[in-house]
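> Handing over my_file18.cif, mmCIF, C-alpha atoms.
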```cif
data_start
#
loop_
_atom_site.label_atom_id
_atom_site.label_comp_id
_atom_site.auth_asym_id
_atom_site.auth_seq_id
_atom_site.Cartn_x
_atom_site.Cartn_y
_atom_site.Cartn_z
CA MET T 1 62.20 110.82 103.89
CA ARG T 2 64.46 109.19 101.31
CA SER T 3 63.51 106.14 99.26
CA ASP T 4 64.80 104.39 96.17
CA SER T 5 63.08 104.56 92.80
CA ASP T 6 64.55 101.45 91.20
CA PHE T 7 61.76 98.89 91.63
CA PRO T 8 61.40 95.27 90.52
CA TYR T 9 58.08 96.21 88.86
CA GLU T 10 56.77 99.11 86.84
CA THR T 11 53.61 100.50 88.44
CA THR T 12 50.24 101.92 87.46
CA HIS T 13 47.45 103.53 89.45
CA GLU T 14 43.72 104.18 89.12
CA ASP T 15 40.79 105.55 91.12
CA PHE T 16 37.69 103.41 91.69
CA ARG T 17 34.71 102.93 94.02
CA VAL T 18 34.32 100.13 96.56
CA PRO T 19 30.64 99.04 96.83
CA LEU T 20 29.21 98.19 100.26
CA ALA T 21 26.23 95.95 100.99
CA ASP T 22 23.89 98.89 101.74
CA GLY T 23 24.60 100.53 98.36
CA THR T 24 27.11 103.08 99.65
CA THR T 25 30.34 103.38 97.67
CA LEU T 26 33.71 104.41 99.08
CA SER T 27 36.39 106.40 97.28
CA ALA T 28 39.55 104.38 96.63
CA ARG T 29 42.85 104.59 94.80
CA VAL T 30 45.10 101.65 93.96
CA TRP T 31 48.73 101.46 92.89
CA ARG T 32 49.54 98.12 91.26
CA PRO T 33 52.59 96.41 89.75
CA VAL T 34 52.43 95.90 86.01
CA THR T 35 52.09 92.11 85.91
CA ASP T 36 49.59 89.51 84.78
CA GLU T 37 50.03 87.57 88.02
CA PRO T 38 47.74 88.23 91.02
CA VAL T 39 49.49 89.89 93.97
CA PRO T 40 48.73 90.42 97.68
CA VAL T 41 46.84 93.58 98.62
CA LEU T 42 47.80 96.24 101.16
CA LEU T 43 45.05 98.53 102.49
CA GLU T 44 45.26 101.91 104.22
CA TYR T 45 41.77 102.88 105.41
CA LEU T 46 41.05 106.16 107.20
CA PRO T 47 38.95 109.34 106.99
CA SER T 48 41.78 111.71 106.09
CA ARG T 49 40.81 112.53 102.48
CA LEU T 50 42.99 110.69 99.99
CA SER T 51 42.54 113.33 97.27
CA ASP T 52 44.19 116.12 99.30
CA TRP T 53 45.11 115.68 102.98
CA THR T 54 47.19 112.49 102.74
CA ALA T 55 47.93 112.69 98.99
CA PRO T 56 51.63 113.68 99.37
CA ARG T 57 52.25 110.84 101.83
CA ASP T 58 50.23 108.37 99.77
CA TRP T 59 52.34 109.06 96.68
CA GLN T 60 55.49 108.25 98.65
CA ARG T 61 54.42 104.97 100.24
CA HIS T 62 51.84 103.21 98.08
CA PRO T 63 53.83 103.29 94.79
CA TRP T 64 56.85 101.91 96.68
CA TYR T 65 54.88 98.87 97.77
CA ALA T 66 53.43 98.48 94.28
CA GLY T 67 56.94 98.54 92.84
CA HIS T 68 57.79 95.61 95.12
CA GLY T 69 54.90 93.43 94.01
CA TYR T 70 51.84 94.51 96.00
CA ALA T 71 48.54 96.16 95.10
CA SER T 72 48.53 99.07 97.55
CA VAL T 73 45.11 100.61 98.14
CA ARG T 74 44.01 103.80 99.91
CA VAL T 75 40.30 104.08 100.89
CA ASP T 76 38.36 106.98 102.48
CA VAL T 77 36.01 106.02 105.32
CA ARG T 78 32.25 106.49 104.83
CA GLY T 79 31.16 110.14 105.00
CA HIS T 80 34.68 111.50 104.51
CA GLY T 81 36.58 112.78 101.50
CA ASN T 82 34.89 111.58 98.31
CA SER T 83 33.16 108.57 99.88
CA GLU T 84 29.38 108.43 100.04
CA GLY T 85 27.37 108.14 103.23
CA LEU T 86 27.29 110.17 106.41
CA PRO T 87 30.07 110.64 108.95
CA ALA T 88 29.71 108.79 112.25
CA ASP T 89 31.23 109.21 115.68
CA GLU T 90 35.02 108.78 115.91
CA HIS T 91 35.97 105.10 115.62
CA SER T 92 32.35 103.99 115.28
CA GLY T 93 31.34 100.40 114.78
CA GLN T 94 30.06 101.34 111.33
CA GLY T 95 33.54 102.28 110.14
CA ALA T 96 35.01 98.97 111.30
CA ALA T 97 32.17 96.94 109.76
CA ASP T 98 32.64 98.78 106.45
CA GLY T 99 36.36 98.02 106.69
CA VAL T 100 35.65 94.30 106.90
CA GLU T 101 33.60 94.59 103.70
CA VAL T 102 36.43 96.47 102.00
CA VAL T 103 38.96 93.77 102.98
CA ASN T 104 36.72 91.01 101.63
CA TRP T 105 35.96 92.92 98.42
CA LEU T 106 39.64 93.60 97.70
CA ALA T 107 40.50 89.95 98.32
CA GLY T 108 38.08 88.99 95.55
CA ARG T 109 39.59 91.15 92.78
CA ASP T 110 41.13 89.28 89.85
CA TRP T 111 44.45 91.05 90.50
CA SER T 112 44.50 89.82 94.11
CA THR T 113 45.88 86.59 95.56
CA GLY T 114 43.17 86.79 98.23
CA LYS T 115 45.64 87.77 100.97
CA VAL T 116 45.32 91.26 102.46
CA GLY T 117 47.46 93.33 104.82
CA MET T 118 46.48 96.60 106.50
CA PHE T 119 48.70 99.45 107.63
CA GLY T 120 48.56 103.01 108.85
CA ILE T 121 49.78 105.60 111.29
CA SER T 122 47.62 106.92 114.14
CA TRP T 123 43.95 106.65 113.01
CA GLY T 124 44.89 104.37 110.11
CA GLY T 125 46.78 102.03 112.41
CA PHE T 126 43.98 102.07 114.96
CA ASP T 127 41.43 101.11 112.30
CA SER T 128 43.77 98.34 111.11
CA LEU T 129 43.83 96.85 114.62
CA ARG T 130 40.07 97.20 115.09
CA ILE T 131 39.32 95.48 111.80
CA ALA T 132 41.85 92.76 112.66
CA ALA T 133 39.90 92.17 115.89
CA LEU T 134 36.82 91.44 113.73
CA ALA T 135 38.94 88.76 112.02
CA PRO T 136 38.00 88.91 108.30
CA GLU T 137 39.51 85.74 106.81
CA PRO T 138 41.62 87.41 104.07
CA LEU T 139 43.36 89.77 106.55
CA LYS T 140 46.67 88.07 107.34
CA ALA T 141 48.94 90.85 108.59
CA VAL T 142 48.87 94.38 110.05
CA VAL T 143 51.41 97.16 110.56
CA ALA T 144 50.15 99.69 113.14
CA VAL T 145 52.31 102.79 113.69
CA CYS T 146 51.83 105.20 116.61
CA SER T 147 48.31 103.87 117.20
CA ALA T 148 46.08 103.72 120.26
CA ASP T 149 44.75 100.44 121.58
CA ASP T 150 42.62 102.09 124.28
CA ARG T 151 40.42 105.03 123.33
CA TYR T 152 40.41 106.39 126.87
CA ASP T 153 43.94 105.63 127.97
CA ASN T 154 46.09 106.84 125.05
CA ASP T 155 44.00 108.21 122.20
CA GLY T 156 44.48 111.94 122.72
CA HIS T 157 41.45 112.64 124.90
CA TYR T 158 42.45 111.82 128.48
CA MET T 159 45.63 110.71 130.19
CA GLY T 160 45.63 109.25 133.68
CA GLY T 161 42.04 110.41 134.05
CA SER T 162 42.86 114.05 133.23
CA VAL T 163 41.52 115.96 130.24
CA LEU T 164 44.23 116.62 127.67
CA ALA T 165 43.18 120.23 127.41
CA ALA T 166 45.34 121.23 124.46
CA GLY T 167 45.31 117.91 122.65
CA MET T 168 41.58 117.20 122.96
CA HIS T 169 40.48 120.60 121.71
CA ALA T 170 43.01 120.67 118.88
CA TRP T 171 42.03 117.20 117.68
CA ALA T 172 38.31 118.00 117.96
CA ALA T 173 38.78 121.13 115.85
CA THR T 174 40.87 119.27 113.28
CA THR T 175 38.38 116.44 112.82
CA LEU T 176 35.42 118.84 112.68
CA ALA T 177 37.11 121.03 110.06
CA SER T 178 38.07 118.01 107.96
CA VAL T 179 34.67 116.34 107.89
CA CYS T 180 32.96 119.65 107.02
CA ARG T 181 34.97 120.07 103.81
CA PRO T 182 33.05 119.29 100.61
CA PRO T 183 33.68 116.33 98.32
CA ASP T 184 35.71 117.13 95.21
CA PRO T 185 33.51 117.66 92.11
CA TYR T 186 36.34 116.24 89.98
CA HIS T 187 35.81 112.86 91.66
CA VAL T 188 32.07 112.82 92.48
CA GLY T 189 30.62 115.07 89.77
CA ASP T 190 27.48 117.17 90.20
CA ALA T 191 26.43 115.22 93.30
CA TRP T 192 29.07 117.00 95.39
CA ARG T 193 26.72 119.71 96.71
CA GLU T 194 23.98 117.31 97.79
CA MET T 195 26.57 115.06 99.45
CA TRP T 196 28.12 118.04 101.23
CA LEU T 197 24.85 119.45 102.60
CA ALA T 198 23.79 116.02 103.88
CA ARG T 199 27.18 115.63 105.53
CA LEU T 200 26.98 119.05 107.21
CA ALA T 201 23.51 118.28 108.54
CA ALA T 202 24.78 115.07 110.14
CA VAL T 203 27.96 116.44 111.73
CA GLU T 204 28.16 116.78 115.51
CA PRO T 205 31.15 118.54 117.11
CA PRO T 206 32.93 115.67 118.89
CA ILE T 207 34.21 117.69 121.83
CA HIS T 208 30.82 117.61 123.61
CA THR T 209 30.63 113.82 123.47
CA TRP T 210 34.20 113.40 124.67
CA LEU T 211 33.67 115.73 127.64
CA ASP T 212 30.42 113.94 128.52
CA HIS T 213 32.46 110.78 129.18
CA GLN T 214 35.22 111.69 131.62
CA THR T 215 35.67 108.20 133.05
CA ARG T 216 36.54 104.97 131.27
CA ASP T 217 32.95 103.91 130.61
CA ASP T 218 31.35 101.79 127.89
CA TYR T 219 31.67 104.62 125.36
CA TRP T 220 35.48 104.30 125.49
CA ARG T 221 35.62 100.53 125.95
CA ARG T 222 33.59 99.99 122.78
CA GLY T 223 36.03 99.66 119.92
CA SER T 224 39.16 99.70 122.09
CA VAL T 225 41.41 96.90 120.88
CA ARG T 226 42.69 96.45 124.43
CA GLU T 227 39.27 94.96 125.24
CA GLU T 228 39.37 92.46 122.36
CA CYS T 229 43.07 91.77 121.83
CA SER T 230 42.58 88.00 121.89
CA ALA T 231 40.29 88.22 118.83
CA ILE T 232 43.12 89.44 116.59
CA GLY T 233 44.12 86.59 114.30
CA ALA T 234 46.37 88.53 111.91
CA ALA T 235 50.08 88.94 112.51
CA VAL T 236 50.74 92.39 114.01
CA LEU T 237 53.86 94.53 113.69
CA ALA T 238 53.30 97.22 116.35
CA VAL T 239 55.50 100.30 115.97
CA GLY T 240 55.87 103.30 118.25
CA GLY T 241 58.22 105.97 119.52
CA TRP T 242 59.32 106.93 123.01
CA HIS T 243 58.30 110.51 122.21
CA ASP T 244 54.79 109.47 121.20
CA PRO T 245 51.91 109.02 123.70
CA HIS T 246 50.78 105.79 121.99
CA ARG T 247 53.97 103.87 122.85
CA ASP T 248 52.15 101.78 125.49
CA THR T 249 50.14 100.14 122.70
CA VAL T 250 53.28 98.39 121.47
CA LEU T 251 54.11 97.02 124.92
CA ARG T 252 50.57 95.78 125.56
CA LEU T 253 50.24 94.06 122.18
CA VAL T 254 53.62 92.38 122.57
CA GLU T 255 52.62 91.20 126.05
CA HIS T 256 49.21 89.79 125.14
CA LEU T 257 49.49 88.44 121.58
CA PRO T 258 51.12 85.03 120.93
CA ASP T 259 54.80 84.88 119.97
CA ASP T 260 54.02 83.70 116.42
CA ARG T 261 51.67 86.63 115.70
CA VAL T 262 53.37 89.78 116.98
CA ARG T 263 56.58 91.77 116.90
CA GLY T 264 57.13 95.18 118.49
CA LEU T 265 59.42 98.04 117.53
CA ILE T 266 59.91 101.21 119.62
CA GLY T 267 62.39 103.85 118.49
CA PRO T 268 63.28 107.37 119.66
CA TRP T 269 60.70 108.89 117.31
CA PRO T 270 57.74 111.26 117.79
CA HIS T 271 54.24 110.71 116.35
CA GLN T 272 55.59 110.16 112.85
CA TYR T 273 56.68 107.38 110.51
CA PRO T 274 60.19 106.21 111.53
CA ASP T 275 61.69 107.00 108.12
CA ARG T 276 60.76 110.68 107.94
CA GLY T 277 63.93 111.85 109.67
CA LEU T 278 62.10 114.23 112.00
CA PRO T 279 63.69 114.85 115.40
CA PRO T 280 64.50 112.99 117.45
CA GLY T 281 66.33 110.47 115.28
CA PRO T 282 67.93 108.33 114.07
CA ALA T 283 65.54 107.33 111.31
CA ILE T 284 65.41 103.79 109.93
CA GLY T 285 64.59 102.19 106.56
CA PHE T 286 60.98 101.64 107.58
CA LEU T 287 59.54 100.75 104.18
CA GLN T 288 62.18 98.04 103.87
CA GLU T 289 61.37 96.75 107.35
CA THR T 290 57.65 96.54 106.59
CA LEU T 291 58.38 94.83 103.27
CA ARG T 292 60.00 92.02 105.26
CA TRP T 293 56.77 91.76 107.29
CA TRP T 294 54.54 91.65 104.21
CA ASP T 295 56.76 89.16 102.37
CA GLN T 296 56.76 86.89 105.43
CA HIS T 297 53.02 86.87 106.03
CA LEU T 298 51.49 87.58 102.61
CA LYS T 299 53.92 85.86 100.25
CA GLY T 300 55.21 83.07 102.47
CA VAL T 301 58.85 84.15 102.13
CA ASP T 302 61.00 83.45 105.17
CA THR T 303 62.59 86.87 105.73
CA GLY T 304 63.89 86.02 109.19
CA ILE T 305 61.74 88.65 110.87
CA MET T 306 59.94 86.12 113.06
CA ALA T 307 63.28 84.79 114.32
CA GLU T 308 64.13 88.21 115.72
CA PRO T 309 63.31 89.36 119.28
CA LYS T 310 59.66 89.85 120.10
CA LEU T 311 60.40 93.45 121.09
CA ARG T 312 63.15 95.65 119.66
CA SER T 313 63.58 99.00 121.38
CA TRP T 314 65.93 101.95 121.28
CA ILE T 315 67.68 102.83 124.53
CA SER T 316 69.08 106.35 124.57
CA ASP T 317 72.30 107.33 126.27
CA SER T 318 72.05 110.05 128.89
CA HIS T 319 71.81 113.54 127.41
CA PRO T 320 71.39 117.10 128.71
CA PRO T 321 67.95 118.79 128.66
CA ALA T 322 66.97 120.47 125.39
CA THR T 323 63.80 121.54 123.59
CA ALA T 324 64.62 119.25 120.65
CA TYR T 325 67.09 116.51 119.79
CA PRO T 326 67.94 116.09 116.10
CA GLN T 327 69.75 112.81 116.90
CA LEU T 328 69.90 110.82 120.11
CA ARG T 329 72.89 108.64 120.87
CA GLY T 330 72.13 105.13 122.04
CA GLY T 331 71.51 101.66 120.67
CA TRP T 332 69.00 98.90 120.00
CA VAL T 333 68.19 96.08 122.39
CA GLY T 334 66.05 93.00 121.91
CA ASP T 335 63.74 91.28 124.39
CA PRO T 336 62.46 87.75 123.67
CA SER T 337 59.30 88.48 125.67
CA TRP T 338 57.53 91.28 127.49
CA PRO T 339 57.53 92.11 130.39
CA SER T 340 61.27 91.73 130.18
#
```
Let me see the structure of the file written as structure tokens.


Amino acid sequence: MRSDSDFPYETTHEDFRVPLADGTTLSARVWRPVTDEPVPVLLEYLPSRLSDWTAPRDWQRHPWYAGHGYASVRVDVRGHGNSEGLPADEHSGQGAADGVEVVNWLAGRDWSTGKVGMFGISWGGFDSLRIAALAPEPLKAVVAVCSADDRYDNDGHYMGGSVLAAGMHAWAATTLASVCRPPDPYHVGDAWREMWLARLAAVEPPIHTWLDHQTRDDYWRRGSVREECSAIGAAVLAVGGWHDPHRDTVLRLVEHLPDDRVRGLIGPWPHQYPDRGLPPGPAIGFLQETLRWWDQHLKGVDTGIMAEPKLRSWISDSHPPATAYPQLRGGWVGDPSWPS
């Protein structure tokens, strides 16, 4: 990933706690532009431990947005990282309800204009869509990258009714290992051990639950944005890659959301941000593309992005079989609607 370092604003950052109605506090970090004027807020909300797991990525993306006039905030979900509370089942209703509180709380800060956007890749993008379906008033725009809209259809557990044997077990082991790690004493102080033991006592290996539900029953329908797409009031930029299993999410959102609230982008990429330069390429200036989205919907600047095709997708030229493709030859096409 390459990005510029010459920003319109100098930036600062700080760690803080977000209070929830039940007394639980969530671990958060904000990067802000150095200005006396209130600015729109961007939120990335997920369980993947901001103080270690996603820290390298966070320090690439959030300061960039801050340097362009946004307060960019990273929050750990309840029961994960340095946030208080106990972990719940994957994509639980509790996590989404907490997210609504976080959005409303951030909108009320004195450094905020009251307009909030959410973004993320994979889990972070999925949570952004789920919270958008609950329609908190301050949430005006979302960027969801490589995210599932259907927990059964394309969320790494089953595909076409078949167990994803490698993917399901690997993801179950990853999530279990992550949630069982202790909070960081540097951030939570002497309470870390008590928090950790309570967390360990509450953890259930997710693989058993997932295998108990091998058809698309209410367990999977609950929380799947595909079931509640019409409730999304925020503008959605849905991004995917042809080499990512979540690509269908982009096509379904573009099909079912109104023209004035959605744009889709599908490139040749794998399950990664489109600016990382990982094969297959080509990469794009993704931060710049999302800045156009935020400026349009959070600052009221006409960037022209809503005048572009509803779906932009990469069409590869024919190529011989290979285990990896550093760059694929091809070009971009635009569709004014979907299905084409």

> When you look at T:Val34 with a cut-off of 7 Å (counting all atoms listed in the file), what residues show up, excluding the ones that are within fewer than 5 positions of it in the same chain? I need them as a PyMOL selection string.

chain T and resi 9-12

> Here's the selection I'm unsure about, the PyMOL selection byres ((chain T and resi 82) around 12); applied to the file above, which residues does it give, as a ChimeraX atom specification?

/T:15-18,24-29,47-53,75-81,83-87,179,181-189,191-193,195-196,199

> Which of these, T:Leu43, T:Val145, T:Leu176, T:Ala283, has the shortest distance to T:Glu204 once you count all atoms listed in the file?

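Answer, going by the shortest atom-to-atom distance: T:Leu176.
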
> If we count only C-alpha atoms and set the cut-off at 10 Å, which residues sit around T:Pro8, ignoring sequence neighbours fewer than 5 positions away in its own chain? Please answer as a list in words.

Pro33, Ala66, Gly67, His68 and Gly69 of chain T

> What separation in Å, quoted to one decimal, exists between atom CA of T:Ile305 and atom CA of T:Pro282?

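Distance reported for this atom pair: 20.9 Å.
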
> Spell out the residues picked by the PyMOL selection byres ((chain T and resi 293-299) around 12) here, as a PyMOL selection string.

chain T and resi 38-43+65+68-72+112-119+138-144+234-238+260-264+286-292+300-308

> Which residues match the PyMOL selection byres ((chain T and resi 60) around 12) in the file above, as a list in words?

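Applying the expression gives Met1, Arg2, Ser3, Asp4, Ser5, Trp31, Thr54, Ala55, Pro56, Arg57, Asp58, Trp59, Arg61, His62, Pro63, Trp64, Tyr65, Ala66, Gly67, Ser72, Tyr273, Asp275, Arg276 and Leu287 of chain T.
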
> Could those residues be written to a file, using C-alpha atoms, as a tab-separated table (two decimals), in the coordinates of the input?


```
chain	number	residue	atom	x	y	z
T	1	MET	CA	62.20	110.82	103.89
T	2	ARG	CA	64.46	109.19	101.31
T	3	SER	CA	63.51	106.14	99.26
T	4	ASP	CA	64.80	104.39	96.17
T	5	SER	CA	63.08	104.56	92.80
T	31	TRP	CA	48.73	101.46	92.89
T	54	THR	CA	47.19	112.49	102.74
T	55	ALA	CA	47.93	112.69	98.99
T	56	PRO	CA	51.63	113.68	99.37
T	57	ARG	CA	52.25	110.84	101.83
T	58	ASP	CA	50.23	108.37	99.77
T	59	TRP	CA	52.34	109.06	96.68
T	61	ARG	CA	54.42	104.97	100.24
T	62	HIS	CA	51.84	103.21	98.08
T	63	PRO	CA	53.83	103.29	94.79
T	64	TRP	CA	56.85	101.91	96.68
T	65	TYR	CA	54.88	98.87	97.77
T	66	ALA	CA	53.43	98.48	94.28
T	67	GLY	CA	56.94	98.54	92.84
T	72	SER	CA	48.53	99.07	97.55
T	273	TYR	CA	56.68	107.38	110.51
T	275	ASP	CA	61.69	107.00	108.12
T	276	ARG	CA	60.76	110.68	107.94
T	287	LEU	CA	59.54	100.75	104.18
```

> Would you please work out which residue, of T:Gly267, T:Leu46, T:Pro245, T:Thr175, is nearest to T:Met159 when using all atoms listed in the file?

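Of all the options, T:Pro245 lies closest to T:Met159.
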
> Would you compute the distance between atom CA of T:Pro136 and atom CA of T:Lys310? Give it in Å to one decimal.

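Atom CA of T:Lys310 lies at a distance of 24.7 Å from atom CA of T:Pro136.
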